[in-house]
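**Student:** Handing you a structure now.
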4 protein chains.
Amino acid sequence: MNKLFFRNDYGEGAHPLVMERLMQTNMEHTCGYGLDAYSLQAADLIREKCGQKDAAVHMMIGGTSANMVALSAFMRPYEAAIAAQGGHINVHETGTVEGSGHKVCIAASRDGKVLPEGVQAVVDAHTDEHMVHPRVVYISQPTEIGTVYSLTELRALREVCDKNGLLLYADGARLGSALTCSEATATLQDMAALTDAFYIGGTKNGLLFGEALVIVNPALQKDFRFMIKNRGGMIAKGRLCGVMFLAALEHDDYLAWARHANKMADIVRAGMEKGGVKPLIATTTNQIFPIVTREQEKKLAEQVEFERWGDVDDTHVAIRFVTSWATTREDAQALAGLMEAL
Amino acid sequence: MNKLFFRNDYGEGAHPLVMERLMQTNMEHTCGYGLDAYSLQAADLIREKCGQKDAAVHMMIGGTSANMVALSAFMRPYEAAIAAQGGHINVHETGTVEGSGHKVCIAASRDGKVLPEGVQAVVDAHTDEHMVHPRVVYISQPTEIGTVYSLTELRALREVCDKNGLLLYADGARLGSALTCSEATATLQDMAALTDAFYIGGTKNGLLFGEALVIVNPALQKDFRFMIKNRGGMIAKGRLCGVMFLAALEHDDYLAWARHANKMADIVRAGMEKGGVKPLIATTTNQIFPIVTREQEKKLAEQVEFERWGDVDDTHVAIRFVTSWATTREDAQALAGLMEAL
Amino acid sequence: MNKLFFRNDYGEGAHPLVMERLMQTNMEHTCGYGLDAYSLQAADLIREKCGQKDAAVHMMIGGTSANMVALSAFMRPYEAAIAAQGGHINVHETGTVEGSGHKVCIAASRDGKVLPEGVQAVVDAHTDEHMVHPRVVYISQPTEIGTVYSLTELRALREVCDKNGLLLYADGARLGSALTCSEATATLQDMAALTDAFYIGGTKNGLLFGEALVIVNPALQKDFRFMIKNRGGMIAKGRLCGVMFLAALEHDDYLAWARHANKMADIVRAGMEKGGVKPLIATTTNQIFPIVTREQEKKLAEQVEFERWGDVDDTHVAIRFVTSWATTREDAQALAGLMEAL
Amino acid sequence: MNKLFFRNDYGEGAHPLVMERLMQTNMEHTCGYGLDAYSLQAADLIREKCGQKDAAVHMMIGGTSANMVALSAFMRPYEAAIAAQGGHINVHETGTVEGSGHKVCIAASRDGKVLPEGVQAVVDAHTDEHMVHPRVVYISQPTEIGTVYSLTELRALREVCDKNGLLLYADGARLGSALTCSEATATLQDMAALTDAFYIGGTKNGLLFGEALVIVNPALQKDFRFMIKNRGGMIAKGRLCGVMFLAALEHDDYLAWARHANKMADIVRAGMEKGGVKPLIATTTNQIFPIVTREQEKKLAEQVEFERWGDVDDTHVAIRFVTSWATTREDAQALAGLMEAL
């Protein structure tokens with residue numbers, strides 16, 4: 001009756017350790033709006049783990065809100081973001097960046113990753129005041145399609161940004177998965193060192209909600225709490241994020257949960273390989289995009305919850321499996337078995 | 001060591017019944033973004049309790065976000081809201097309404113309540129296309145200073161709105177307190193019948209976060225989920241609000257919690273009366289604004305957590321006590337005692 | 001000493017007939033902000049010429065302002081425009097559409113013209129509230145590269161718009177040129193019948209400034225003057241546009257001036273053909289895009305003012321010649337001669 | 001038959017000297033968008049007259065556009081302007097400042113002039129990130145009701161701005177009138193020295209349209225042309241403003257025209273005094289606000305064009321007379337006679 005759940009990584013509540021901490025602190029009195037001791041302590045911990053003692057850290061309610069507030073804080077009205085065609089801000093945020101007044105310029109990308117030469121081409125094409133002025137390069141680590149920027153690739157992006165006076169911002173909705181996958185070369189400290197700002201995603205890795213925005217560049221830190229409030233992103237019980245991030249980070253469970261999700265995905269990938277099912281793109285993170293026939297899709301759908309990603313050709317479609325901290329080994333193996341036998 | 005906590009009604013987590021329900025449902029898989037069964041069921045329950053079977057109900061993450069999304073959805077760019085000088089949108093939301101492009105026009109008010117003649121005066125003063133066009137009357141029930149609109153007052157506002165083609169919107173951050181206070185004459189069904197839209201506040205009455213926005217007017221319902229997402233107010237685990245509102249509403253605990261908060265405030269009010277301490281304004285809801293000398297304020301601050309509201313004269317200040325579902329009878333009595341003995 | 005001027009069609013002031021009328025009326029007293037008799041009369045004349053007696057006509061100060069005000073008036077915050085990659089709003093207006101909060105979605109185009117199937121593809125790709133909602137198809141007649149939509153093509157766009165609940169908006173910065181070129185099949189009345197709104201460009205065809213926005217669709221007409229003022233587009237001496245459009249339109253000089261510009265361009269095109277110089281794209285309007293070598297470009301630049309359009313290959317570039325009502329036959333022939341002898 | 005025209009100072013076209021210059025230059029070819037030699041020369045001349053060789057000078061199309069572009073360029077999203085209740089941006093610009101995302105906070109004023117203590121009170125009332133952050137003090141010189149800031153008053157505003165990290169911006173729609181009235185103590189150079197930015201109004205003093213925005217503060221100058229374009233305020237034939245401002249400024253006709261308008265108003269004021277007609281407020285600029293009975297208003301309206309300003313009491317109203325460069329001595333004397341005999 002119950003299907004295997006591989007639809008997404010936000011289908012459950014929070015990791016039990018997170019819930020436990022929320023229960024423990026539930027009746028404590030704290031001050032509101034994220035100025036409580038838990039939030040401050042979580043921010044300190046994040047600064048420490050990032051190796052950036054002067055970074056500003058803000059607890060945001062969700063990824064879209066984090067992107068919207070950050071990008072609109074970092075840009076003047078005529079400035080624009082640069083993103084990949086498939087970038088989350090370009091496709092799946094109902095135009096929040098534009099809603100804040102800013103254009104999203106599309107840079108050439110490969111495997112979902114923005115190319116430095118793509119960034120340069122966008123800059124070169126914007127020559128005067130009759131055009132927007134590109135200002136922030138937006139990337140996701142991992143990308144929308146589960147690929148991961150290597151340390152070398154991040155450094156190349158940093159370089160093209162520096163050369164052109166651009167900021168580099170990383171959406172880390174699934175950052176844990178990128179940091180712990182088998183091909184990971186960039187660490188959390190690298191992310192902090194190479195970007196002007198990025199966020200550590202909580203919603204998709206064990207929290208009820210919440211993303212920790214790390215603003216490394218001091219020039220971008222001023223009055224940021226005004227921006228959060230001005231954009232409707234500040235909640236009264238702001239401590240919730242502090243409590244949850246502390247629970248996730250203080251013993252590095254955050255990485256453990258993400259590593260678990262990746263391993264569960266590895267099991268599924270192994271099943272696919274045995275079954276000869278190719279992915280749309282090779283990934284080592286918690287998202288897998290198998291190419292199957294419409295018949296196979298239909299058959300799988302009887303036992304598995306997943307999403308259709310898109311059409312590949314007349315007979316094939318790409319579907320998406322997502323694992324999470326909550327995915328059990330049994331479920332992963334069951335899905336691997338189905339894929340092997342497809 | 002521990003001071004009595006009367007600083008606000010969002011200093012704790014959620015009511016234990018709410019936490020229990022979150023724990024019970026924590027590992028269930030549901031779809032995201034508020035389209036899950038819990039959210040739908042909560043919406044149904046709210047429609048039923050409001051007596052408005054065709055109302056649209058949306059779970060919002062917080063009061064500022066609810067106000068921002070609703071008001072910007074209801075107005076065209078040149079249209080303006082009308083509010084009291086002390087209205088939350090005018091003072092305490094960092095300009096989110098203006099941030100969405102709309103002016104807030106100030107109408108005359110008494111005891112924190114917008115006056116119908118104040119609304120009419122604003123309308124009359126805006127005569128042509130060189131001025132903004134007033135469109136929505138914003139009220140809070142209860143108001144920022146804890147006063148409550150009577151049924152008669154709400155009907156008078158409805159009338160002036162109808163006469164001038166205006167919408168009536170009510171911010172219900174503390175709606176439970178207004179519905180259950182000793183002077184309450186307007187019911188939840190009255191709120192629904194007399195406004196075009198309003199929200200039932202969860203954050204300040206037992207939930208971790210969340211406000212249930214009820215859009216009664218069918219003309220305002222179209223594409224509202226696009227608006228929520230476009231303004232950064234949609235979270236992935238949207239079911240959390242559904243689960244929490246169900247816990248609060250299905251046995252009318254929501255009203256019980258608010259009634260409790262009001263009763264605890266009554267205890268404090270009784271102590272003030274015995275001690276001859278006058279309030280800045282008479283209230284029957286969960287906010288009290290005693291006028292005390294600076295000496296008294298200092299003395300109280302040694303034992304009680306509260307906020308300074310403002311200066312009254314050279315020697316007196318108004319302070320604010322707030323009770324909540326979490327305020328204990330012991331604490332209320334202790335504060336009453338302090339006030340009596342002031 | 002004086003170079004031949006083919007840089008653009010806004011390098012001079014106004015047509016002498018327009019200046020004459022401005023001089024004649026200069027000392028008359030009229031009311032302000034476009035409610036004077038001249039503006040009303042010009043609007044009546046435009047309605048008559050468009051065959052749309054119920055159209056709303058507004059005098060706008062410029063093309064960017066007209067596009068910005070119209071598009072932001074026609075869309076709700078989460079709605080998006082659809083345009084060609086090279087569309088003026090997408091490239092050359094410094095993000096005014098995004099600055100008003102709206103995304104510009106790119107539809108496939110051919111010869112600069114938006115394809116109906118491109119529109120359909122954009123609509124099909126936007127499936128839910130996590131994405132913007134396409135609402136207005138933006139076209140230019142003629143396009144940025146001087147090509148012209150045929151009547152058949154406009155009807156096909158109207159059809160795809162009707163099928164999908166989209167609005168069709170035409171930027172007519174150079175509308176006169178499109179209406180009078182040798183391949184013109186769509187008349188002014190066709191433009192009015194097939195679009196929801198469009199504007200008749202004055203700046204680039206004989207006026208000092210000013211574009212007449214024609215809003216045919218009654219649902220889009222409400223409170224439009226509020227929108228103009230709200231976006232900073234209303235000037236005190238609004239009558240200027242009325243006076244100038246009357247001068248241009250009452251004896252159809254507007255079309256005569258545009259026809260002249262096209263004919264001057266024909267002369268240049270003939271010279272190019274004789275000289276074997278190919279255009280980047282074939283046009284019959286007042287813009288020509290010859291492909292020349294860098295050597296030829298340099299040589300031409302000694303005698304002619306023009307713009308570089310872009311690189312074609314390692315040795316060739318495309319340049320742009322623009323003719324106007326002010327281009328003399330002598331200058332056109334001189335340029336034709338240069339092109340023939342290139 | 002022809003009534004005396006005292007309705008406003010934008011009822012005619014341009015001063016004949018301005019029209020003459022437009023005619024002289026009409027057929028010249030220049031580059032577009034305000035980068036032509038005339039615009040650059042006008043900017044140089046303005047810098048010189050202001051005594052600010054490093055000021056940025058931009059030709060804007062109108063006052064509302066100038067205010068909108070400047071204020072939105074100078075503020076971050078959560079920042080607010082401070083203005084008098086009757087300030088033009090607060091009442092007569094259809095919410096353009098809010099439309100750009102910024103609140104207008106009201107400071108106490110006297111005789112239409114913002115008071116330094118009013119500014120300080122606004123600053124003091126905005127204490128944290130739950131409120132907007134006041135950033136720019138907006139004043140008009142002269143004010144909406146024709147009064148003029150003295151040099152002493154301007155210095156006091158500058159002082160309160162410096163003390164609080166605020167910018168001072170002056171709307172100079174009728175700046176000429178303020179600079180040349182009998183009570184003038186602040187010169188153009190004072191305006192430039194004491195504000196961060198201000199504009200010299202052309203529309204209401206002899207030009208067809210156009211205001212010269214002077215940005216004195218270097219920190220506010222960056223990328224301003226991007227802002228103008230982004231807000232729809234840049235016109236193709238930008239040279240028009242350059243040509244017109246040159247005509248007005250090079251022999252100081254600008255001041256002469258304004259002085260003439262003031263003198264014509266003096267004639268009317270003298271008639272009022274003889275007739276015992278009191279003004280609503282004493283002015284020495286080109287606006288006069290006589291208090292008359294409704295009977296008198298009706299009688300005057302048979303011979304004079306003017307505006308009703310507002311009700312004074314049950315039997316009296318305030319009306320408004322405005323003089324301009326185009327007001328003749330005959331008309332002024334005729335109106336003076338009417339007022340004397342009222």
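Here, A, B, ... name the chains of the structure tokens in the order displayed, residue numbers run from 1 inside each chain, and ligands are numbered from 1 in the same displayed order.
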Sorted by chain and rising residue number, list the residues of chain C at most 12 Å from chain B (counting only C-alpha atoms), each with its closest atom pair and distance in Å to one decimal, as JSON lines.
**Tutor:**
```
{"residue": "C:Gly32", "atom": "CA", "partner": "B:His130", "partner_atom": "CA", "distance": 11.7}
{"residue": "C:Tyr33", "atom": "CA", "partner": "B:His130", "partner_atom": "CA", "distance": 9.7}
{"residue": "C:Gly34", "atom": "CA", "partner": "B:Glu129", "partner_atom": "CA", "distance": 11.9}
{"residue": "C:Leu35", "atom": "CA", "partner": "B:Glu129", "partner_atom": "CA", "distance": 11.7}
{"residue": "C:Val69", "atom": "CA", "partner": "B:Pro77", "partner_atom": "CA", "distance": 10.4}
{"residue": "C:Ala70", "atom": "CA", "partner": "B:Pro77", "partner_atom": "CA", "distance": 12.0}
{"residue": "C:Leu71", "atom": "CA", "partner": "B:Pro77", "partner_atom": "CA", "distance": 11.8}
{"residue": "C:Ser72", "atom": "CA", "partner": "B:Pro77", "partner_atom": "CA", "distance": 8.2}
{"residue": "C:Ala73", "atom": "CA", "partner": "B:Pro77", "partner_atom": "CA", "distance": 7.7}
{"residue": "C:Phe74", "atom": "CA", "partner": "B:Arg76", "partner_atom": "CA", "distance": 9.8}
{"residue": "C:Met75", "atom": "CA", "partner": "B:Arg76", "partner_atom": "CA", "distance": 9.3}
{"residue": "C:Arg76", "atom": "CA", "partner": "B:Arg76", "partner_atom": "CA", "distance": 7.7}
{"residue": "C:Pro77", "atom": "CA", "partner": "B:Met227", "partner_atom": "CA", "distance": 7.2}
{"residue": "C:Tyr78", "atom": "CA", "partner": "B:Asn230", "partner_atom": "CA", "distance": 6.0}
{"residue": "C:Glu79", "atom": "CA", "partner": "B:Phe226", "partner_atom": "CA", "distance": 8.8}
{"residue": "C:Ala80", "atom": "CA", "partner": "B:Asn230", "partner_atom": "CA", "distance": 11.6}
{"residue": "C:Gly99", "atom": "CA", "partner": "B:Gly101", "partner_atom": "CA", "distance": 11.5}
{"residue": "C:Ser100", "atom": "CA", "partner": "B:Gly101", "partner_atom": "CA", "distance": 9.5}
{"residue": "C:Gly101", "atom": "CA", "partner": "B:Ser100", "partner_atom": "CA", "distance": 9.5}
{"residue": "C:His102", "atom": "CA", "partner": "B:Asn230", "partner_atom": "CA", "distance": 10.2}
{"residue": "C:Lys103", "atom": "CA", "partner": "B:Asn230", "partner_atom": "CA", "distance": 11.1}
{"residue": "C:His126", "atom": "CA", "partner": "B:Phe226", "partner_atom": "CA", "distance": 11.8}
{"residue": "C:Thr127", "atom": "CA", "partner": "B:Phe226", "partner_atom": "CA", "distance": 11.3}
{"residue": "C:Asp128", "atom": "CA", "partner": "B:Phe226", "partner_atom": "CA", "distance": 8.1}
{"residue": "C:Glu129", "atom": "CA", "partner": "B:Phe226", "partner_atom": "CA", "distance": 4.6}
{"residue": "C:His130", "atom": "CA", "partner": "B:Lys229", "partner_atom": "CA", "distance": 6.5}
{"residue": "C:Met131", "atom": "CA", "partner": "B:Phe226", "partner_atom": "CA", "distance": 7.8}
{"residue": "C:Val132", "atom": "CA", "partner": "B:Phe226", "partner_atom": "CA", "distance": 7.5}
{"residue": "C:His133", "atom": "CA", "partner": "B:Phe226", "partner_atom": "CA", "distance": 8.1}
{"residue": "C:Pro134", "atom": "CA", "partner": "B:Phe226", "partner_atom": "CA", "distance": 11.9}
{"residue": "C:Lys222", "atom": "CA", "partner": "B:Arg76", "partner_atom": "CA", "distance": 10.6}
{"residue": "C:Asp223", "atom": "CA", "partner": "B:Glu129", "partner_atom": "CA", "distance": 7.9}
{"residue": "C:Phe224", "atom": "CA", "partner": "B:Glu129", "partner_atom": "CA", "distance": 8.9}
{"residue": "C:Arg225", "atom": "CA", "partner": "B:Glu129", "partner_atom": "CA", "distance": 6.1}
{"residue": "C:Phe226", "atom": "CA", "partner": "B:Glu129", "partner_atom": "CA", "distance": 4.6}
{"residue": "C:Met227", "atom": "CA", "partner": "B:Tyr78", "partner_atom": "CA", "distance": 6.2}
{"residue": "C:Ile228", "atom": "CA", "partner": "B:Glu129", "partner_atom": "CA", "distance": 8.9}
{"residue": "C:Lys229", "atom": "CA", "partner": "B:His130", "partner_atom": "CA", "distance": 6.5}
{"residue": "C:Asn230", "atom": "CA", "partner": "B:Tyr78", "partner_atom": "CA", "distance": 5.9}
{"residue": "C:Arg231", "atom": "CA", "partner": "B:Tyr78", "partner_atom": "CA", "distance": 8.9}
{"residue": "C:Gly232", "atom": "CA", "partner": "B:His130", "partner_atom": "CA", "distance": 10.5}
{"residue": "C:Gly233", "atom": "CA", "partner": "B:His130", "partner_atom": "CA", "distance": 11.6}
{"residue": "C:Met234", "atom": "CA", "partner": "B:His130", "partner_atom": "CA", "distance": 9.4}
{"residue": "C:Ile235", "atom": "CA", "partner": "B:His130", "partner_atom": "CA", "distance": 11.3}
{"residue": "C:Ala236", "atom": "CA", "partner": "B:His130", "partner_atom": "CA", "distance": 11.1}
```
**Student:** Apply DSSP to the backbone of this structure and, from region 213-301 of chain B, keep only the residues in helix (DSSP H, G or I); write these as JSON, numbers by chain.
**Tutor:** {"B": [218, 219, 220, 224, 225, 226, 227, 228, 229, 230, 239, 240, 241, 242, 243, 244, 245, 246, 247, 248, 249, 253, 254, 255, 256, 257, 258, 259, 260, 261, 262, 263, 264, 265, 266, 267, 268, 269, 270, 271, 272, 273, 274, 275, 294, 295, 296, 297, 298, 299, 300, 301]}
**Student:** If we count only C-alpha atoms, what is near region 14-31 of chain D at a cut-off of 9 Å, once residues fewer than 3 positions away on the same chain are taken out, given as a count of residues only?
**Tutor:** 42
**Student:** Tell me which protein, DNA and RNA residues are within 10 Å of Asp171 (chain A), counting only C-alpha atoms, leaving out same-chain ones fewer than 6 positions away, and put them as a PDB file with N, CA and C atoms, in the first residue's frame.
**Tutor:**
```
ATOM      1  N   GLY A  63      14.557  28.870   1.349  1.00  0.00           N
ATOM      2  CA  GLY A  63      15.527  29.145   0.305  1.00  0.00           C
ATOM      3  C   GLY A  63      15.122  30.297  -0.591  1.00  0.00           C
ATOM      4  N   THR A  64      13.872  30.325  -0.999  1.00  0.00           N
ATOM      5  CA  THR A  64      13.425  31.402  -1.870  1.00  0.00           C
ATOM      6  C   THR A  64      13.545  32.732  -1.150  1.00  0.00           C
ATOM      7  N   ALA A  66      15.586  33.419   1.320  1.00  0.00           N
ATOM      8  CA  ALA A  66      17.013  33.726   1.472  1.00  0.00           C
ATOM      9  C   ALA A  66      17.570  34.332   0.183  1.00  0.00           C
ATOM     10  N   ASN A  67      17.280  33.699  -0.947  1.00  0.00           N
ATOM     11  CA  ASN A  67      17.771  34.221  -2.221  1.00  0.00           C
ATOM     12  C   ASN A  67      17.232  35.623  -2.494  1.00  0.00           C
ATOM     13  N   GLY A  87      18.787  27.631 -13.392  1.00  0.00           N
ATOM     14  CA  GLY A  87      18.966  28.090 -12.018  1.00  0.00           C
ATOM     15  C   GLY A  87      17.641  28.277 -11.283  1.00  0.00           C
ATOM     16  N   HIS A  88      17.650  27.942 -10.006  1.00  0.00           N
ATOM     17  CA  HIS A  88      16.401  27.982  -9.235  1.00  0.00           C
ATOM     18  C   HIS A  88      15.751  29.358  -9.303  1.00  0.00           C
ATOM     19  N   ILE A  89      16.539  30.413  -9.163  1.00  0.00           N
ATOM     20  CA  ILE A  89      15.960  31.764  -9.209  1.00  0.00           C
ATOM     21  C   ILE A  89      15.392  32.086 -10.580  1.00  0.00           C
ATOM     22  N   TYR A 138      24.967  34.004  -9.518  1.00  0.00           N
ATOM     23  CA  TYR A 138      24.219  33.084  -8.660  1.00  0.00           C
ATOM     24  C   TYR A 138      24.507  31.657  -9.095  1.00  0.00           C
ATOM     25  N   ILE A 139      24.981  30.848  -8.164  1.00  0.00           N
ATOM     26  CA  ILE A 139      25.144  29.421  -8.452  1.00  0.00           C
ATOM     27  C   ILE A 139      24.444  28.630  -7.355  1.00  0.00           C
ATOM     28  N   SER A 140      24.170  27.359  -7.626  1.00  0.00           N
ATOM     29  CA  SER A 140      23.692  26.454  -6.582  1.00  0.00           C
ATOM     30  C   SER A 140      24.732  25.368  -6.400  1.00  0.00           C
ATOM     31  N   GLN A 141      24.993  25.037  -5.159  1.00  0.00           N
ATOM     32  CA  GLN A 141      25.936  23.964  -4.861  1.00  0.00           C
ATOM     33  C   GLN A 141      25.221  22.957  -3.976  1.00  0.00           C
ATOM     34  N   PRO A 142      24.796  21.778  -4.407  1.00  0.00           N
ATOM     35  CA  PRO A 142      24.875  21.322  -5.793  1.00  0.00           C
ATOM     36  C   PRO A 142      23.861  22.064  -6.657  1.00  0.00           C
ATOM     37  N   THR A 143      23.960  21.834  -7.968  1.00  0.00           N
ATOM     38  CA  THR A 143      23.052  22.492  -8.905  1.00  0.00           C
ATOM     39  C   THR A 143      21.665  21.865  -8.838  1.00  0.00           C
ATOM     40  N   ALA A 197      28.775  35.420  -0.370  1.00  0.00           N
ATOM     41  CA  ALA A 197      27.713  34.986   0.538  1.00  0.00           C
ATOM     42  C   ALA A 197      27.183  33.655   0.021  1.00  0.00           C
ATOM     43  N   PHE A 198      26.667  32.858   0.935  1.00  0.00           N
ATOM     44  CA  PHE A 198      26.050  31.588   0.550  1.00  0.00           C
ATOM     45  C   PHE A 198      25.161  31.162   1.700  1.00  0.00           C
ATOM     46  N   TYR A 199      24.301  30.177   1.453  1.00  0.00           N
ATOM     47  CA  TYR A 199      23.527  29.713   2.592  1.00  0.00           C
ATOM     48  C   TYR A 199      23.625  28.198   2.765  1.00  0.00           C
ATOM     49  N   ILE A 200      23.535  27.805   4.027  1.00  0.00           N
ATOM     50  CA  ILE A 200      23.573  26.397   4.405  1.00  0.00           C
ATOM     51  C   ILE A 200      22.136  25.957   4.578  1.00  0.00           C
ATOM     52  N   GLY A 201      21.665  25.109   3.678  1.00  0.00           N
ATOM     53  CA  GLY A 201      20.248  24.746   3.654  1.00  0.00           C
ATOM     54  C   GLY A 201      19.857  23.793   4.768  1.00  0.00           C
ATOM     55  N   GLU A 211      17.296  28.251   6.775  1.00  0.00           N
ATOM     56  CA  GLU A 211      18.543  28.246   6.019  1.00  0.00           C
ATOM     57  C   GLU A 211      19.443  29.282   6.707  1.00  0.00           C
ATOM     58  N   LEU A 213      22.109  31.865   6.327  1.00  0.00           N
ATOM     59  CA  LEU A 213      22.779  32.692   5.330  1.00  0.00           C
ATOM     60  C   LEU A 213      24.079  33.232   5.912  1.00  0.00           C
TER      61      LEU A 213
END
```
**Student:** Out of region 150-334 of chain A, which residues get strand (DSSP E) from DSSP, as a PyMOL selection string?
**Tutor:** chain A and resi 167-171+197-201+211-215+287-288+291-293+304-305+307-311+316-322
**Student:** Compile the contact shell of region 258-274 of chain B as a list of chain:residue names: residues with an atom at most 6 Å away, counting only C-alpha atoms, same-chain residues fewer than 6 positions apart removed.
**Tutor:** B:Gly176, B:Ser177, B:Thr180, B:Thr285, B:Asn286, B:Thr323, B:Ser324, B:Trp325, B:Ala332, B:Ala336, B:Met339, B:Glu340
**Student:** Keeping only N, CA, C and O atoms, take the residues you just selected and write them out as a PDB file, in the first residue's frame.
**Tutor:**
```pdb
ATOM      1  N   GLY B 176      -7.450  35.524  18.543  1.00  0.00           N
ATOM      2  CA  GLY B 176      -8.016  34.718  19.628  1.00  0.00           C
ATOM      3  C   GLY B 176      -8.328  35.559  20.844  1.00  0.00           C
ATOM      4  O   GLY B 176      -9.404  35.437  21.457  1.00  0.00           O
ATOM      5  N   SER B 177      -7.426  36.449  21.184  1.00  0.00           N
ATOM      6  CA  SER B 177      -7.621  37.302  22.349  1.00  0.00           C
ATOM      7  C   SER B 177      -8.837  38.213  22.171  1.00  0.00           C
ATOM      8  O   SER B 177      -9.618  38.409  23.102  1.00  0.00           O
ATOM      9  N   THR B 180     -12.215  36.257  22.548  1.00  0.00           N
ATOM     10  CA  THR B 180     -12.538  35.642  23.839  1.00  0.00           C
ATOM     11  C   THR B 180     -12.454  36.606  25.011  1.00  0.00           C
ATOM     12  O   THR B 180     -12.588  36.182  26.160  1.00  0.00           O
ATOM     13  N   THR B 285      -8.051  42.495  26.680  1.00  0.00           N
ATOM     14  CA  THR B 285      -7.316  41.433  25.977  1.00  0.00           C
ATOM     15  C   THR B 285      -6.004  41.146  26.703  1.00  0.00           C
ATOM     16  O   THR B 285      -5.829  41.526  27.849  1.00  0.00           O
ATOM     17  N   ASN B 286      -5.092  40.479  26.034  1.00  0.00           N
ATOM     18  CA  ASN B 286      -3.884  40.000  26.720  1.00  0.00           C
ATOM     19  C   ASN B 286      -2.743  41.006  26.792  1.00  0.00           C
ATOM     20  O   ASN B 286      -1.613  40.635  27.064  1.00  0.00           O
ATOM     21  N   THR B 323       0.314  38.673  28.313  1.00  0.00           N
ATOM     22  CA  THR B 323       0.121  37.289  28.762  1.00  0.00           C
ATOM     23  C   THR B 323      -0.068  36.380  27.556  1.00  0.00           C
ATOM     24  O   THR B 323      -0.303  36.857  26.447  1.00  0.00           O
ATOM     25  N   SER B 324       0.038  35.090  27.798  1.00  0.00           N
ATOM     26  CA  SER B 324      -0.134  34.156  26.685  1.00  0.00           C
ATOM     27  C   SER B 324      -0.715  32.847  27.202  1.00  0.00           C
ATOM     28  O   SER B 324      -0.971  32.698  28.406  1.00  0.00           O
ATOM     29  N   TRP B 325      -0.896  31.905  26.311  1.00  0.00           N
ATOM     30  CA  TRP B 325      -1.331  30.546  26.672  1.00  0.00           C
ATOM     31  C   TRP B 325      -0.367  29.945  27.687  1.00  0.00           C
ATOM     32  O   TRP B 325      -0.728  29.058  28.445  1.00  0.00           O
ATOM     33  N   ALA B 332       0.872  35.112  37.096  1.00  0.00           N
ATOM     34  CA  ALA B 332      -0.085  36.216  37.007  1.00  0.00           C
ATOM     35  C   ALA B 332      -0.386  36.768  38.393  1.00  0.00           C
ATOM     36  O   ALA B 332      -0.427  37.984  38.609  1.00  0.00           O
ATOM     37  N   ALA B 336       0.343  40.396  39.839  1.00  0.00           N
ATOM     38  CA  ALA B 336      -0.769  41.154  40.428  1.00  0.00           C
ATOM     39  C   ALA B 336      -0.361  41.662  41.804  1.00  0.00           C
ATOM     40  O   ALA B 336      -0.619  42.820  42.169  1.00  0.00           O
ATOM     41  N   MET B 339       1.939  44.561  41.538  1.00  0.00           N
ATOM     42  CA  MET B 339       1.261  45.782  41.099  1.00  0.00           C
ATOM     43  C   MET B 339       0.433  46.367  42.235  1.00  0.00           C
ATOM     44  O   MET B 339       0.323  47.591  42.377  1.00  0.00           O
ATOM     45  N   GLU B 340      -0.169  45.482  42.983  1.00  0.00           N
ATOM     46  CA  GLU B 340      -0.992  45.945  44.102  1.00  0.00           C
ATOM     47  C   GLU B 340      -0.113  46.686  45.117  1.00  0.00           C
ATOM     48  O   GLU B 340      -0.516  47.698  45.674  1.00  0.00           O
TER      49      GLU B 340
END
```
